[in-house]
Structures are given as C-alpha cells and as structure tokens.
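Below: one structure, written as structure tokens.
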Amino acid sequence: MLRNPRTASRAAFCKNHAAFASLLETLDYPFTVMLSKCGKGPLLVTKRCASTAKSPAKMMAWQIYQYGGNEELTLSDRARAATIKAPNELLIKVHAASVNPIDVKMRGGYGQKVLNMLRAQQGGLLGSEFPLILGRDFSGVVIETGRAVYGALSAYRQGSHAQFTVASDSEIAKKPQVLSHTEAASIPYVATTSWAALCTIGELSEKNAHKKRVLVQGGSGGIGTFSIQLLKAWGAYVATTCSTDAVDFLRNLGADAVIDYKTTDAKKELSKLPQFDFVFDAVGGPTADDSFDLLKKWTNAKLVTIVHPFLQNTDSFGVVPGMGRAVIALGSNLMKGFSAGRSYRWAIFLPNGKALEKVGRLVQRDLIHPVVEKEFPFSELPAAFQFVEEGHNRGKTVVKMVERGDQPH
Ligand SMILES: NC(=O)c1ccc[n+]([C@@H]2O[C@H](COP(=O)([O-])OP(=O)(O)OC[C@H]3O[C@@H](n4cnc5c(N)ncnc54)[C@H](OP(=O)(O)O)[C@@H]3O)[C@@H](O)[C@H]2O)c1
C-alpha cells in the first residue's frame, strides 16, 4: 500500500493512473497530480503545490484597523487565519514573537506606500491592508511537520503577533535546539537586518571579519547586542557606543572598547582610537555622519547605516518621488566618501533563512546568546509595544503566545 506519496513523485508508473490520482487526493498531501506521456506509456508525475496543512478559519491575533498609537491595537479571537497561497509557504503555530521598533513605526503607518505596493504585487491586498497584523519575527512550529523553526517575515506579509502565521521556506530556519521559543524569537529580525547590513551590503563575512576593526554605533539595543556578538564570533575587533548603564553589559557581551556617549564626547573619544574598517550605524542622524571620518582612507572602508529616510521619503512624497529623494540623499553621502576611497551605504532588513541557519549554528556553539530584556504574555502585547516605544532598550522584548512547556529542545 502506498503510504507516502512523496516517494511516488519521481516515477509512479501506474496502469490505472486515474485511480491512483484519486487515491493521492484522498491522502490529503501537498501534491497535484499531472498525467503526462513519457517514453512508452503514461507517466504519473506529481508536483508540489500549496501545502494542504489545515488552517483554522479563525485565530487569535492583535490587529489594527487604522494607523495610530497603541490604542489602535485590538485583540480578536475571530481574526481571519493566515492562509497558504504559494507552494513554498508553510503554516506556522507561533509560540513567541518579538516586538521591534519597526512594529511601533508600522503601527503609525511607516512604510505604508511601498508596502501596499508590494502587497498588491503579491496579490495579497484586497482593497485595504486592514485589519493589519504586526510582528516581523517569531519562533514556532510548522503545523504540517511539527518542525520547530524561527524566522523573520517580509514586511509586506501579515505579521506574527497572532496564533498562526504563514512564512515561505526561505524566511525560516531550524530553531536552535539550545533555545526556548521565547529566546529564539528574540533573534530573527535583528539577525537578518544585521546580516543585510554587515554581509549583503557591507561585504563582511566569516572569512574576512577577523581582519577588521568595526565600530557599532548604538550597541545596547536589539541590533547592537546581536551584531556585537556576531562580529566577535567572527573574530573582529569591535568598538561600540552606549549610555552609561549599558557599558558593563556590552563589555560582558564581548565588545573590545565601549564608549559612553552620555558622559563623554563620543566623537572625540572614538577619534582617539585607531581608525576603523567598518562602521555599522544603528543610530542615524549626526551620529552616522560624524562616524564617517572615523573610517580609514583609501582602503575601501565602509559605513553602513540602517537608519535612513528611504521609507519616510516614500510615505511623505509618494513612491517614485520619495525614491528619487532617497537616491539624491544617498548620492551626496557617496560623493563625500569617494574623495577618500571610502563608501557610505544604506541597508534595510531582508528576510534570510540561510543567514538564520548560520546564526543558529553559532548559537548552538555558544558563540551567540539571545538577549531578552523583557517578556510579556500575548494578552499584554500593547504593554510590550509601549515598553519598546519608550526606548533605551537593552536587547529584545518578546511576547509569548504559548505559555506552558517553553523549554529548549
Ligand atoms: N532599515 C532597517 O531595515 C532597520 C531594521 C531594523 C532596525 N532599524 C532601525 O535601527 C535602529 C536600531 O534598532 P534596534 O532594534 O536596535 O532599536 P532599539 O532596540 O530601540 O535600540 C536602540 C538603541 O540605541 C541606543 N542609542 C540611542 N541613541 C544613541 C546614540 N546617540 N549613541 C549610541 N546609542 C544610542 C539606545 O540606548 P539609549 O537611548 O539608552 O542610549 C538603544 O539601546 C532603530 O532606529 C530601528 O528603527 C532599521
């Protein structure tokens, strides 16, 4: 008896192929059946299609019906459940999710023009983006297989502040077994953003980082605490900046030099250090601009910032004019760099399951630790938003959807 149609996908040659096709359908597996002629006779082939994992019709989720403040967050037990629309998507039961500054910004409408354009392109926008579920990362379990995964969702997708979410297989990776879901949920968004800035845009890697002197501006938040650990795991020299109360914390995370920007003139203190090959800026404004002169000259040193006006411009001026302004702003920064063989670059978060796999291995080797500052139950998600919005974060804020039995495994 055929128990697993997956094994039949290559060459299930069957005289009575119509009966076989109907058998596959009754087995409720994620394959469509196509009959085709091949060689001597009819060949039954199967093709993976959208997973048939059963979505519940309704789920618990925090939603917003319009952009605004925390008062817009509404808990519903009848939210339209996440549904699978593409062959590479998976339905995931969310066990924990983090709250990032991007969620607070998106609650207020940040990025809406570009994101609505992407939602329309992906066919997922029917009239309006509302009700909108926020939350960009999570740790949970794939419904179909029971596999524990963690991931960060593309910004156009419905989010993870819900009982279930849908992610593509390129947005997730195996959850590090040494972490609980709460710990694992603290990692994906900051890890993939740091990876985009340091590696994809900044061209750092496991192989070349040990030769580099790197400055992380804004070391005490979610991005800073993750990127310091990644860079140290790769053997880089890391200097960083933070407020007074976080100095010891960042030294303990492994930073080689920690400059307190509250009680000292950070620019002056940093300029006393040998110059840097790389600045990763998670603060923006004058802090980013002032860092540029801390880079070595004529060695292809780079400043990569993740705090830039790209989406703000598109919200204020429209997608095309906003992008035009962004190009002009970035261009003027680039020109400044060309004069001394340095470069100034912008980076944005990109989902990246492969990066999460590599990060997971560093976690398993005890080289990267989750930094969870505060946990909230799912029912108190607005308090978690408020906590993140107040700033001065020391690592990550996580919301637990499943309270019981959250142990590493
Ligand atoms: N472009 C993208 O795709 C992208 C993706 C992720 C994040 N971001 C942005 O990157 C920034 C950092 O994200 P995050 O998740 O790390 O935020 P976070 O957790 O709120 O941390 C920000 C940290 O910066 C510190 N800080 C503020 N001003 C500083 C200064 N002048 N010098 C040094 N440290 C300073 C804050 O601590 P104190 O105030 O106590 O000093 C805080 O710990 C946010 O603005 C976020 O929106 C952008």
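In the structure tokens, chains take letters A, B, ... by order of appearance, with residues numbered from 1 within each chain and ligands from 1 in the order shown.
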Practice item. Pick out the residues no farther than 7 Å from ligand 1, counting only C-alpha atoms and all ligand atoms, and list them as a PyMOL selection string. Key: chain A and resi 100-102+190+193+217-224+241-243+261+282-283+287+306-308+347-349+388+391-396
Exercise for review: Once DSSP has gone over the backbone, tell me which residues of range 58-293 of chain A are in alpha helix (DSSP H), as a PyMOL selection string.
Suggested key: chain A and resi 101-107+112-121+181-185+188-195+222-233+247-253+266-271+285-291
Exercise for review: Would you mind reading off the distance between CA of Ser154 in chain A and CA of Glu375 in chain A, one decimal, in Å?
Suggested key: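 Between these atoms lies a distance of 23.6 Å.
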Give me the range 128-177 of chain A side of the contact with range 63-83 of chain A, cut-off 8 Å, one line per residue showing its nearest atom pair and distance in Å at one decimal, counting only C-alpha atoms, sorted by chain and residue number, as JSON lines.
```
{"residue": "A:Phe130", "atom": "CA", "partner": "A:Tyr65", "partner_atom": "CA", "distance": 5.2}
{"residue": "A:Pro131", "atom": "CA", "partner": "A:Tyr65", "partner_atom": "CA", "distance": 4.8}
{"residue": "A:Leu132", "atom": "CA", "partner": "A:Ile64", "partner_atom": "CA", "distance": 5.3}
{"residue": "A:Ile133", "atom": "CA", "partner": "A:Gln63", "partner_atom": "CA", "distance": 4.7}
{"residue": "A:Leu134", "atom": "CA", "partner": "A:Gln63", "partner_atom": "CA", "distance": 7.1}
{"residue": "A:Gln158", "atom": "CA", "partner": "A:Ala82", "partner_atom": "CA", "distance": 7.7}
{"residue": "A:Phe164", "atom": "CA", "partner": "A:Ala82", "partner_atom": "CA", "distance": 6.3}
{"residue": "A:Thr165", "atom": "CA", "partner": "A:Ala82", "partner_atom": "CA", "distance": 5.5}
{"residue": "A:Val166", "atom": "CA", "partner": "A:Ala82", "partner_atom": "CA", "distance": 5.9}
```
Output file for the residues above (C-alpha atoms, as a PDB file, in the first residue's frame):
```pdb
ATOM      1  CA  PHE A 130      -6.582  46.453   7.230  1.00  0.00           C
ATOM      2  CA  PRO A 131      -7.074  44.654   9.502  1.00  0.00           C
ATOM      3  CA  LEU A 132      -3.287  44.514   9.707  1.00  0.00           C
ATOM      4  CA  ILE A 133      -1.341  42.143  11.953  1.00  0.00           C
ATOM      5  CA  LEU A 134       2.060  43.473  13.018  1.00  0.00           C
ATOM      6  CA  GLN A 158       0.613  39.747   7.665  1.00  0.00           C
ATOM      7  CA  PHE A 164      -0.617  31.376  13.384  1.00  0.00           C
ATOM      8  CA  THR A 165       1.465  32.910  10.653  1.00  0.00           C
ATOM      9  CA  VAL A 166       2.495  31.966   7.133  1.00  0.00           C
TER      10      VAL A 166
END
```
Practice item. Run DSSP on the backbone and grab whatever in range 162-306 of chain A lands in strand (DSSP E); send it over as JSON, numbers by chain. Key: {"A": [164, 165, 166, 167, 168, 172, 173, 174, 213, 214, 215, 216, 217, 237, 238, 239, 240, 241, 242, 257, 258, 259, 260, 278, 279, 280, 281, 302, 303, 304, 305]}
Store the residues of this selection in a file with N, CA and C atoms, as a PDB file, in the first residue's frame.
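Listed below is the output, result.pdb:
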```
ATOM      1  N   PHE A 164      -1.235  32.038  14.540  1.00  0.00           N
ATOM      2  CA  PHE A 164      -0.617  31.376  13.384  1.00  0.00           C
ATOM      3  C   PHE A 164      -0.059  32.430  12.443  1.00  0.00           C
ATOM      4  N   THR A 165       0.968  32.031  11.705  1.00  0.00           N
ATOM      5  CA  THR A 165       1.465  32.910  10.653  1.00  0.00           C
ATOM      6  C   THR A 165       1.872  32.042   9.468  1.00  0.00           C
ATOM      7  N   VAL A 166       2.031  32.690   8.319  1.00  0.00           N
ATOM      8  CA  VAL A 166       2.495  31.966   7.133  1.00  0.00           C
ATOM      9  C   VAL A 166       3.833  32.549   6.723  1.00  0.00           C
ATOM     10  N   ALA A 167       4.796  31.659   6.495  1.00  0.00           N
ATOM     11  CA  ALA A 167       6.129  32.108   6.062  1.00  0.00           C
ATOM     12  C   ALA A 167       6.559  31.251   4.889  1.00  0.00           C
ATOM     13  N   SER A 168       7.410  31.813   4.040  1.00  0.00           N
ATOM     14  CA  SER A 168       7.957  30.981   2.970  1.00  0.00           C
ATOM     15  C   SER A 168       9.155  30.220   3.536  1.00  0.00           C
ATOM     16  N   ILE A 172      12.648  31.170   6.900  1.00  0.00           N
ATOM     17  CA  ILE A 172      12.771  30.467   8.186  1.00  0.00           C
ATOM     18  C   ILE A 172      13.999  29.557   8.213  1.00  0.00           C
ATOM     19  N   ALA A 173      14.331  29.109   9.403  1.00  0.00           N
ATOM     20  CA  ALA A 173      15.387  28.100   9.570  1.00  0.00           C
ATOM     21  C   ALA A 173      15.024  27.294  10.810  1.00  0.00           C
ATOM     22  N   LYS A 174      15.729  26.187  10.976  1.00  0.00           N
ATOM     23  CA  LYS A 174      15.512  25.348  12.151  1.00  0.00           C
ATOM     24  C   LYS A 174      15.800  26.153  13.423  1.00  0.00           C
ATOM     25  N   ARG A 213      38.525  46.117  11.924  1.00  0.00           N
ATOM     26  CA  ARG A 213      38.165  46.908  13.096  1.00  0.00           C
ATOM     27  C   ARG A 213      36.792  47.516  12.819  1.00  0.00           C
ATOM     28  N   VAL A 214      35.822  47.149  13.656  1.00  0.00           N
ATOM     29  CA  VAL A 214      34.440  47.563  13.383  1.00  0.00           C
ATOM     30  C   VAL A 214      33.915  48.411  14.544  1.00  0.00           C
ATOM     31  N   LEU A 215      33.227  49.494  14.196  1.00  0.00           N
ATOM     32  CA  LEU A 215      32.527  50.308  15.198  1.00  0.00           C
ATOM     33  C   LEU A 215      31.025  50.070  15.049  1.00  0.00           C
ATOM     34  N   VAL A 216      30.359  49.702  16.148  1.00  0.00           N
ATOM     35  CA  VAL A 216      28.896  49.560  16.143  1.00  0.00           C
ATOM     36  C   VAL A 216      28.317  50.745  16.906  1.00  0.00           C
ATOM     37  N   GLN A 217      27.645  51.625  16.197  1.00  0.00           N
ATOM     38  CA  GLN A 217      27.006  52.776  16.847  1.00  0.00           C
ATOM     39  C   GLN A 217      25.625  52.359  17.335  1.00  0.00           C
ATOM     40  N   TYR A 237      37.622  43.011  15.677  1.00  0.00           N
ATOM     41  CA  TYR A 237      37.774  43.939  16.806  1.00  0.00           C
ATOM     42  C   TYR A 237      36.501  44.791  16.805  1.00  0.00           C
ATOM     43  N   VAL A 238      35.847  44.924  17.964  1.00  0.00           N
ATOM     44  CA  VAL A 238      34.585  45.679  17.990  1.00  0.00           C
ATOM     45  C   VAL A 238      34.622  46.784  19.042  1.00  0.00           C
ATOM     46  N   ALA A 239      34.410  48.009  18.576  1.00  0.00           N
ATOM     47  CA  ALA A 239      34.179  49.137  19.490  1.00  0.00           C
ATOM     48  C   ALA A 239      32.700  49.500  19.379  1.00  0.00           C
ATOM     49  N   THR A 240      32.151  50.029  20.460  1.00  0.00           N
ATOM     50  CA  THR A 240      30.727  50.370  20.400  1.00  0.00           C
ATOM     51  C   THR A 240      30.418  51.556  21.295  1.00  0.00           C
ATOM     52  N   THR A 241      29.226  52.121  21.102  1.00  0.00           N
ATOM     53  CA  THR A 241      28.788  53.264  21.918  1.00  0.00           C
ATOM     54  C   THR A 241      27.469  52.926  22.599  1.00  0.00           C
ATOM     55  N   CYS A 242      27.268  53.474  23.786  1.00  0.00           N
ATOM     56  CA  CYS A 242      26.004  53.248  24.511  1.00  0.00           C
ATOM     57  C   CYS A 242      25.903  54.237  25.666  1.00  0.00           C
ATOM     58  N   ALA A 257      36.024  47.772  23.011  1.00  0.00           N
ATOM     59  CA  ALA A 257      36.047  49.144  23.548  1.00  0.00           C
ATOM     60  C   ALA A 257      34.609  49.632  23.621  1.00  0.00           C
ATOM     61  N   VAL A 258      34.240  50.196  24.762  1.00  0.00           N
ATOM     62  CA  VAL A 258      32.867  50.690  24.921  1.00  0.00           C
ATOM     63  C   VAL A 258      32.930  52.158  25.314  1.00  0.00           C
ATOM     64  N   ILE A 259      32.316  52.995  24.501  1.00  0.00           N
ATOM     65  CA  ILE A 259      32.342  54.440  24.756  1.00  0.00           C
ATOM     66  C   ILE A 259      30.965  54.881  25.232  1.00  0.00           C
ATOM     67  N   ASP A 260      30.952  55.536  26.376  1.00  0.00           N
ATOM     68  CA  ASP A 260      29.705  56.037  26.956  1.00  0.00           C
ATOM     69  C   ASP A 260      29.392  57.388  26.306  1.00  0.00           C
ATOM     70  N   PHE A 278      35.186  49.549   9.257  1.00  0.00           N
ATOM     71  CA  PHE A 278      33.743  49.413   9.047  1.00  0.00           C
ATOM     72  C   PHE A 278      33.016  50.107  10.184  1.00  0.00           C
ATOM     73  N   VAL A 279      32.002  50.902   9.845  1.00  0.00           N
ATOM     74  CA  VAL A 279      31.087  51.409  10.879  1.00  0.00           C
ATOM     75  C   VAL A 279      29.706  50.863  10.569  1.00  0.00           C
ATOM     76  N   PHE A 280      29.106  50.203  11.555  1.00  0.00           N
ATOM     77  CA  PHE A 280      27.708  49.777  11.428  1.00  0.00           C
ATOM     78  C   PHE A 280      26.902  50.729  12.303  1.00  0.00           C
ATOM     79  N   ASP A 281      26.065  51.537  11.658  1.00  0.00           N
ATOM     80  CA  ASP A 281      25.337  52.572  12.378  1.00  0.00           C
ATOM     81  C   ASP A 281      23.884  52.165  12.604  1.00  0.00           C
ATOM     82  N   LYS A 302      34.005  51.106   4.961  1.00  0.00           N
ATOM     83  CA  LYS A 302      32.576  51.370   4.677  1.00  0.00           C
ATOM     84  C   LYS A 302      31.821  51.793   5.927  1.00  0.00           C
ATOM     85  N   LEU A 303      30.878  52.707   5.720  1.00  0.00           N
ATOM     86  CA  LEU A 303      29.883  52.986   6.755  1.00  0.00           C
ATOM     87  C   LEU A 303      28.548  52.480   6.221  1.00  0.00           C
ATOM     88  N   VAL A 304      27.910  51.594   6.947  1.00  0.00           N
ATOM     89  CA  VAL A 304      26.573  51.126   6.541  1.00  0.00           C
ATOM     90  C   VAL A 304      25.595  51.526   7.640  1.00  0.00           C
ATOM     91  N   THR A 305      24.574  52.277   7.252  1.00  0.00           N
ATOM     92  CA  THR A 305      23.570  52.680   8.242  1.00  0.00           C
ATOM     93  C   THR A 305      22.234  52.023   7.930  1.00  0.00           C
TER      94      THR A 305
END
```
Exercise for review: Can you pull out every residue within 7 Å of Gly135 in chain A, counting only C-alpha atoms, but drop anything in the same chain fewer than 3 positions away, and send it as a ChimeraX atom specification?
Suggested key: /A:97-99,103,159-161
Next, write the just-selected residues to a file, as a PDB file, in the first residue's frame, keeping N, CA and C atoms as the atom set.
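This went into out_32.pdb:
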```pdb
ATOM      1  N   ALA A  97       6.942  35.735  19.786  1.00  0.00           N
ATOM      2  CA  ALA A  97       7.313  36.703  18.737  1.00  0.00           C
ATOM      3  C   ALA A  97       7.940  37.893  19.435  1.00  0.00           C
ATOM      4  N   SER A  98       8.807  38.612  18.731  1.00  0.00           N
ATOM      5  CA  SER A  98       9.363  39.782  19.411  1.00  0.00           C
ATOM      6  C   SER A  98       8.656  41.042  18.942  1.00  0.00           C
ATOM      7  N   VAL A  99       8.851  42.116  19.694  1.00  0.00           N
ATOM      8  CA  VAL A  99       8.360  43.437  19.284  1.00  0.00           C
ATOM      9  C   VAL A  99       9.600  44.263  18.976  1.00  0.00           C
ATOM     10  N   ASP A 103       7.823  47.552  14.377  1.00  0.00           N
ATOM     11  CA  ASP A 103       6.395  47.300  14.639  1.00  0.00           C
ATOM     12  C   ASP A 103       5.722  48.570  15.155  1.00  0.00           C
ATOM     13  N   GLY A 159       1.557  39.750   9.925  1.00  0.00           N
ATOM     14  CA  GLY A 159       2.657  39.523  10.850  1.00  0.00           C
ATOM     15  C   GLY A 159       2.491  38.346  11.780  1.00  0.00           C
ATOM     16  N   SER A 160       3.347  38.344  12.795  1.00  0.00           N
ATOM     17  CA  SER A 160       3.476  37.192  13.687  1.00  0.00           C
ATOM     18  C   SER A 160       2.837  37.425  15.060  1.00  0.00           C
ATOM     19  N   HIS A 161       2.195  38.559  15.266  1.00  0.00           N
ATOM     20  CA  HIS A 161       1.546  38.785  16.562  1.00  0.00           C
ATOM     21  C   HIS A 161       0.159  38.126  16.539  1.00  0.00           C
TER      22      HIS A 161
END
```
